[in-house]
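Data first, discussion second: the structure below is written as structure tokens.
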Amino acid sequence: MRLFRLFGLSLVVWGSAATVWAQSKIIKIDGSSTVYPLTEAVAEEFKIVRPEINVTVGISGTGGGFKKFCRGEIDIQDASRPISKAEMEACRAASVKYVELPVAFDAITIVVSPKNDWVDKLTVAELKKIWEPAARGQIKKWNQIRPEWPDASLKLFGAGADSGTFDYFTEAIVGKSRASRPDYTPSEDDNTTVIGVGSDKYALGYLPYAYYESNKKRLKAVAVDNGKKAVLPSMESIQGGSYSPLSRPIFIYVSEQALTRPEVREFAEFYLKSVGELAAQVKYVALPKKAYDLALERLKKEQMGTVFGGESQAGVKIEELLKKEAKL
Amino acid sequence: MDRVDHIVRRSRFFDAFFAVVGGLILVAVLIVLFVLIGDLFYRGFDRINWQFLTSFPSRFAERAGILSALVGSILVLIVTAVCSIPLGIAAGLYLEEYAPKNRLTALIEINISNLASVPSIIYGLMALGLFVYKLNLGQSILAAGLTLGLLVLPIVIVTTREAIRSVPQHIREAAFAVGATKWQVVRDHVLPYSSGGIMTGVIIALSRAIGETAPLVTIGALTFISFLPSPPLTPEPPFISFKWLMDPFAVLPIQMFNWISRPQEGFHVNAAAVGVVILIITLGMNAAAILIRWRFRRRIKW
């Protein structure tokens, strides 16, 4: 009987110990939907290696995620752009410090229908002419871009104003973030652009590279000429940095507080070590190997802060960025 | 005589005309509905198998599953039911049977009807402020269940009142006449006779709750979660654990939304399959509502 009770008691102790232990091993991640597929892949692999550590990933958007991050509600933030000035301020006010780690490239691809046989390339200036706010109601036909192109109406598809793709595209092409002509078909779900452009000979659109990579049969990518050379987006051109200015790094931010927990540190290191290989599986472009080494070093040294100073920078080489001094 | 004939013929023509137009509209609506549902089933039905129902999310569409979202949806629904049903029925009963008819009750009634039409995102924002931060429940199953509970509460109240109102007044009068107290009338006559209608309302309210996305996104439902909430039954005393109430969760509609916006075709099939699962659950619940109503109707003999 006593033995029985002892057994029961130890069960209780074990049970409560187990629950307390299990509870402390949750890693909370939230943020951008662009970074989500990568983080999901890493979390899935991490689960295989360390099944007792629970990772949760949410999608609140980069902005929504940073709000939670700077309130200290989450451990790791997925960000499709560097932290902004306002967010740096919010984090500083709550004394939340962070390590900024680039994890992959995100590139925007200009796409047309496979039936479109006249577009060979577009220069940045031509893209600006099409997409700048002043083009509203003015640039409506293909032959307005280049006289030899057809006298047919130009149908435009692009990202919705809530997406990081929209922010980055407007910044890289128009020169000012969020400045775009409004008379196009915006979509929060990029598959709309895939279908819209794919089924219309006279359509033109832009979308994240992963959507082009998954729909190569339905879409044709357009080479972008930045003044040096017309470059088609591909794993090599994006990784090598020649597909500029439409490619940019995406990040995870790990909070200093969370890094004191060994499981978060382990996860962050695992992320940097495995994401290079996993990126291709989810149709993303990995950073050069050197960049991951530099990022790992930054994590190990716990260099807090961002190298961007609250502004996104189009067309900067990733290794150069990583060598810069980070500031909080 | 001719004039009368003329009028009759014209009226008959309009009758027939209206019936035809009404019928055509109905057919058109049904065709649209069946095409949509048919398309969903065509694309997603084959994907539903044991693996799909028992796997966690994955980066590979063919390995991914909905286990965490399915369990999350069910648990959230349980919390929703537990907090909205007793409260809703009690409120409906009070308003219909006990409340004096004065300005205050009129005001309450108007507000309840208004609440039933408030967009769900507003409930989400309110819940984010109240449940998640003020009451410090965090992004938990409990917070989500309470949010959806509030969302469907007006529906439960309104349908409860509707059901109670359909109990004939002379039944109450007869019971009062033989000396029953108010509570006895309610307990022995009003509630049993109206319970079919109440159940129907409750199930329709819950079917709405299971498809809700906006308020849950607002309070922070997750997309990737590869573990289940703590089990409600434990091997050690007291054997029942409520720890799962505070656990993070994912739900089916959010999983569906995440998959539909992914670039790979395989995930779109998965999304269609989740749609089919949600549809089956909703249809099942509605079928249960019809069955319950039918059985209660059969039992009642006035």
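In the structure tokens, each chain is lettered A, B, ... as it comes, each chain's residues begin at 1, and ligands are numbered from 1 in order of appearance.
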Task: alpha helix (DSSP H) per DSSP on the backbone: members of segment 14-149 of chain B, as a ChimeraX atom specification - done: /B:14-44,50-54,67-93,103-116,120-127,141-149
Just to be explicit: take each residue in the selection above, keep C-alpha atoms, and write the result as a compact mmCIF listing (two decimals), in the first residue's frame.
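Everything below was put into result.txt:
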# COMPACT_ATOMS: atom_id res chain seq x y z
CA PHE B 14 -48.35 36.76 -62.84
CA ASP B 15 -48.50 33.90 -60.36
CA ALA B 16 -46.93 31.53 -62.84
CA PHE B 17 -44.44 34.15 -63.96
CA PHE B 18 -43.26 34.79 -60.43
CA ALA B 19 -42.95 31.09 -59.70
CA VAL B 20 -40.81 30.61 -62.81
CA VAL B 21 -38.54 33.57 -62.00
CA GLY B 22 -38.17 32.43 -58.41
CA GLY B 23 -37.39 28.91 -59.53
CA LEU B 24 -34.79 30.10 -62.03
CA ILE B 25 -33.03 32.22 -59.44
CA LEU B 26 -32.98 29.28 -57.06
CA VAL B 27 -31.54 27.01 -59.74
CA ALA B 28 -28.88 29.58 -60.63
CA VAL B 29 -27.82 29.97 -57.01
CA LEU B 30 -27.72 26.22 -56.49
CA ILE B 31 -25.66 25.71 -59.64
CA VAL B 32 -23.08 28.24 -58.46
CA LEU B 33 -22.98 26.61 -55.05
CA PHE B 34 -22.64 23.09 -56.45
CA VAL B 35 -19.95 24.13 -58.92
CA LEU B 36 -17.94 25.69 -56.09
CA ILE B 37 -18.37 22.73 -53.76
CA GLY B 38 -17.86 20.28 -56.61
CA ASP B 39 -14.63 22.00 -57.59
CA LEU B 40 -13.43 21.89 -53.99
CA PHE B 41 -14.24 18.19 -53.67
CA TYR B 42 -12.76 17.39 -57.08
CA ARG B 43 -9.45 18.98 -56.19
CA GLY B 44 -9.23 18.13 -52.53
CA TRP B 50 -5.14 9.05 -42.71
CA GLN B 51 -1.73 10.60 -43.27
CA PHE B 52 -3.31 14.01 -43.99
CA LEU B 53 -5.40 13.92 -40.84
CA THR B 54 -2.59 12.77 -38.56
CA LEU B 67 -3.45 17.30 -37.12
CA SER B 68 -2.57 20.39 -35.08
CA ALA B 69 -5.15 22.56 -36.84
CA LEU B 70 -7.90 19.94 -36.51
CA VAL B 71 -7.25 19.40 -32.80
CA GLY B 72 -6.97 23.17 -32.32
CA SER B 73 -10.29 23.80 -34.05
CA ILE B 74 -12.06 21.12 -32.00
CA LEU B 75 -10.67 22.36 -28.68
CA VAL B 76 -11.51 25.98 -29.46
CA LEU B 77 -15.00 24.88 -30.42
CA ILE B 78 -15.42 23.05 -27.11
CA VAL B 79 -14.49 26.17 -25.15
CA THR B 80 -16.82 28.21 -27.34
CA ALA B 81 -19.69 25.81 -26.72
CA VAL B 82 -19.11 25.62 -22.98
CA CYS B 83 -19.13 29.39 -22.53
CA SER B 84 -21.75 30.44 -25.05
CA ILE B 85 -24.47 27.79 -24.75
CA PRO B 86 -25.44 28.04 -21.06
CA LEU B 87 -25.09 31.81 -21.08
CA GLY B 88 -27.00 32.25 -24.33
CA ILE B 89 -29.87 29.98 -23.40
CA ALA B 90 -30.19 31.51 -19.94
CA ALA B 91 -30.17 35.02 -21.38
CA GLY B 92 -32.76 34.13 -24.02
CA LEU B 93 -34.95 32.45 -21.44
CA ARG B 103 -37.35 50.44 -21.87
CA LEU B 104 -34.30 48.73 -20.37
CA THR B 105 -35.16 45.33 -21.81
CA ALA B 106 -36.02 46.95 -25.13
CA LEU B 107 -32.57 48.54 -25.13
CA ILE B 108 -30.92 45.22 -24.30
CA GLU B 109 -32.86 43.50 -27.07
CA ILE B 110 -31.81 46.06 -29.67
CA ASN B 111 -28.22 45.73 -28.58
CA ILE B 112 -28.26 41.96 -28.85
CA SER B 113 -29.65 42.12 -32.37
CA ASN B 114 -27.00 44.68 -33.25
CA LEU B 115 -24.24 42.57 -31.77
CA ALA B 116 -25.28 39.69 -34.02
CA SER B 120 -16.15 39.40 -36.51
CA ILE B 121 -12.87 41.31 -36.78
CA ILE B 122 -14.24 43.78 -34.20
CA TYR B 123 -14.63 40.91 -31.76
CA GLY B 124 -11.06 39.96 -32.53
CA LEU B 125 -9.74 43.42 -31.72
CA MET B 126 -11.78 43.58 -28.54
CA ALA B 127 -10.54 40.13 -27.54
CA ILE B 141 -7.06 28.17 -26.74
CA LEU B 142 -9.01 29.72 -23.88
CA ALA B 143 -8.71 33.24 -25.33
CA ALA B 144 -9.78 31.99 -28.76
CA GLY B 145 -12.71 30.01 -27.39
CA LEU B 146 -13.94 32.97 -25.35
CA THR B 147 -13.65 35.24 -28.39
CA LEU B 148 -15.71 32.95 -30.57
CA GLY B 149 -18.06 32.39 -27.63
TODO: Excluding Lys229 of chain A and residues on its chain fewer than 3 positions from it, collect all residues at most 10 Å away from it, counting only C-alpha atoms, and give them as a PyMOL selection string.
DONE: chain A and resi 123+223-226+232+242-244
Could you turn the residues from that selection into a file that holds N, CA and C atoms, as an mmCIF file, in the first residue's frame?
data_model
loop_
_atom_site.group_PDB
_atom_site.id
_atom_site.type_symbol
_atom_site.label_atom_id
_atom_site.label_comp_id
_atom_site.auth_asym_id
_atom_site.auth_seq_id
_atom_site.Cartn_x
_atom_site.Cartn_y
_atom_site.Cartn_z
ATOM 1 N N THR A 123 14.496 47.917 -68.685
ATOM 2 C CA THR A 123 15.464 48.627 -67.860
ATOM 3 C C THR A 123 14.759 49.138 -66.610
ATOM 4 N N ALA A 223 14.209 39.834 -68.133
ATOM 5 C CA ALA A 223 15.506 40.267 -67.623
ATOM 6 C C ALA A 223 15.428 41.739 -67.236
ATOM 7 N N VAL A 224 16.077 42.069 -66.130
ATOM 8 C CA VAL A 224 16.063 43.453 -65.670
ATOM 9 C C VAL A 224 17.441 44.063 -65.893
ATOM 10 N N ASP A 225 17.450 45.213 -66.577
ATOM 11 C CA ASP A 225 18.692 45.889 -66.920
ATOM 12 C C ASP A 225 18.911 47.047 -65.960
ATOM 13 N N ASN A 226 19.957 46.927 -65.136
ATOM 14 C CA ASN A 226 20.199 47.988 -64.155
ATOM 15 C C ASN A 226 21.246 48.976 -64.648
ATOM 16 N N LEU A 232 18.630 37.952 -66.001
ATOM 17 C CA LEU A 232 17.430 37.183 -65.665
ATOM 18 C C LEU A 232 17.556 36.681 -64.230
ATOM 19 N N SER A 242 24.252 39.769 -59.001
ATOM 20 C CA SER A 242 24.136 40.517 -60.252
ATOM 21 C C SER A 242 22.682 40.853 -60.575
ATOM 22 N N TYR A 243 21.731 40.104 -59.996
ATOM 23 C CA TYR A 243 20.323 40.445 -60.211
ATOM 24 C C TYR A 243 19.967 41.560 -59.237
ATOM 25 N N SER A 244 20.287 42.749 -59.661
ATOM 26 C CA SER A 244 20.088 43.907 -58.797
ATOM 27 C C SER A 244 19.293 44.936 -59.603
#
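Atom CA of Ser33 of chain A to atom CA of Ser60 of chain A spans 7.5 Å [interatomic distance, one decimal].
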Taking only C-alpha atoms into account, which residues of chain B are within 7 Å of chain A, as an mmCIF file with C-alpha atoms, in the first residue's frame?
data_model
loop_
_atom_site.group_PDB
_atom_site.id
_atom_site.type_symbol
_atom_site.label_atom_id
_atom_site.label_comp_id
_atom_site.auth_asym_id
_atom_site.auth_seq_id
_atom_site.Cartn_x
_atom_site.Cartn_y
_atom_site.Cartn_z
ATOM 1 C CA SER B 58 5.478 20.360 -43.428
ATOM 2 C CA ARG B 59 7.370 22.172 -46.165
ATOM 3 C CA ALA B 221 -3.498 31.908 -33.845
ATOM 4 C CA LEU B 222 -0.410 30.162 -35.172
ATOM 5 C CA THR B 223 0.313 28.625 -38.517
ATOM 6 C CA PHE B 224 3.088 26.195 -37.719
ATOM 7 C CA ILE B 225 2.784 24.125 -34.612
ATOM 8 C CA PHE B 227 2.935 19.485 -31.092
ATOM 9 C CA GLU B 236 -1.978 10.936 -12.087
ATOM 10 C CA SER B 261 -1.270 31.458 -50.804
ATOM 11 C CA PRO B 263 3.468 29.063 -54.613
ATOM 12 C CA GLN B 264 3.539 25.280 -54.983
#
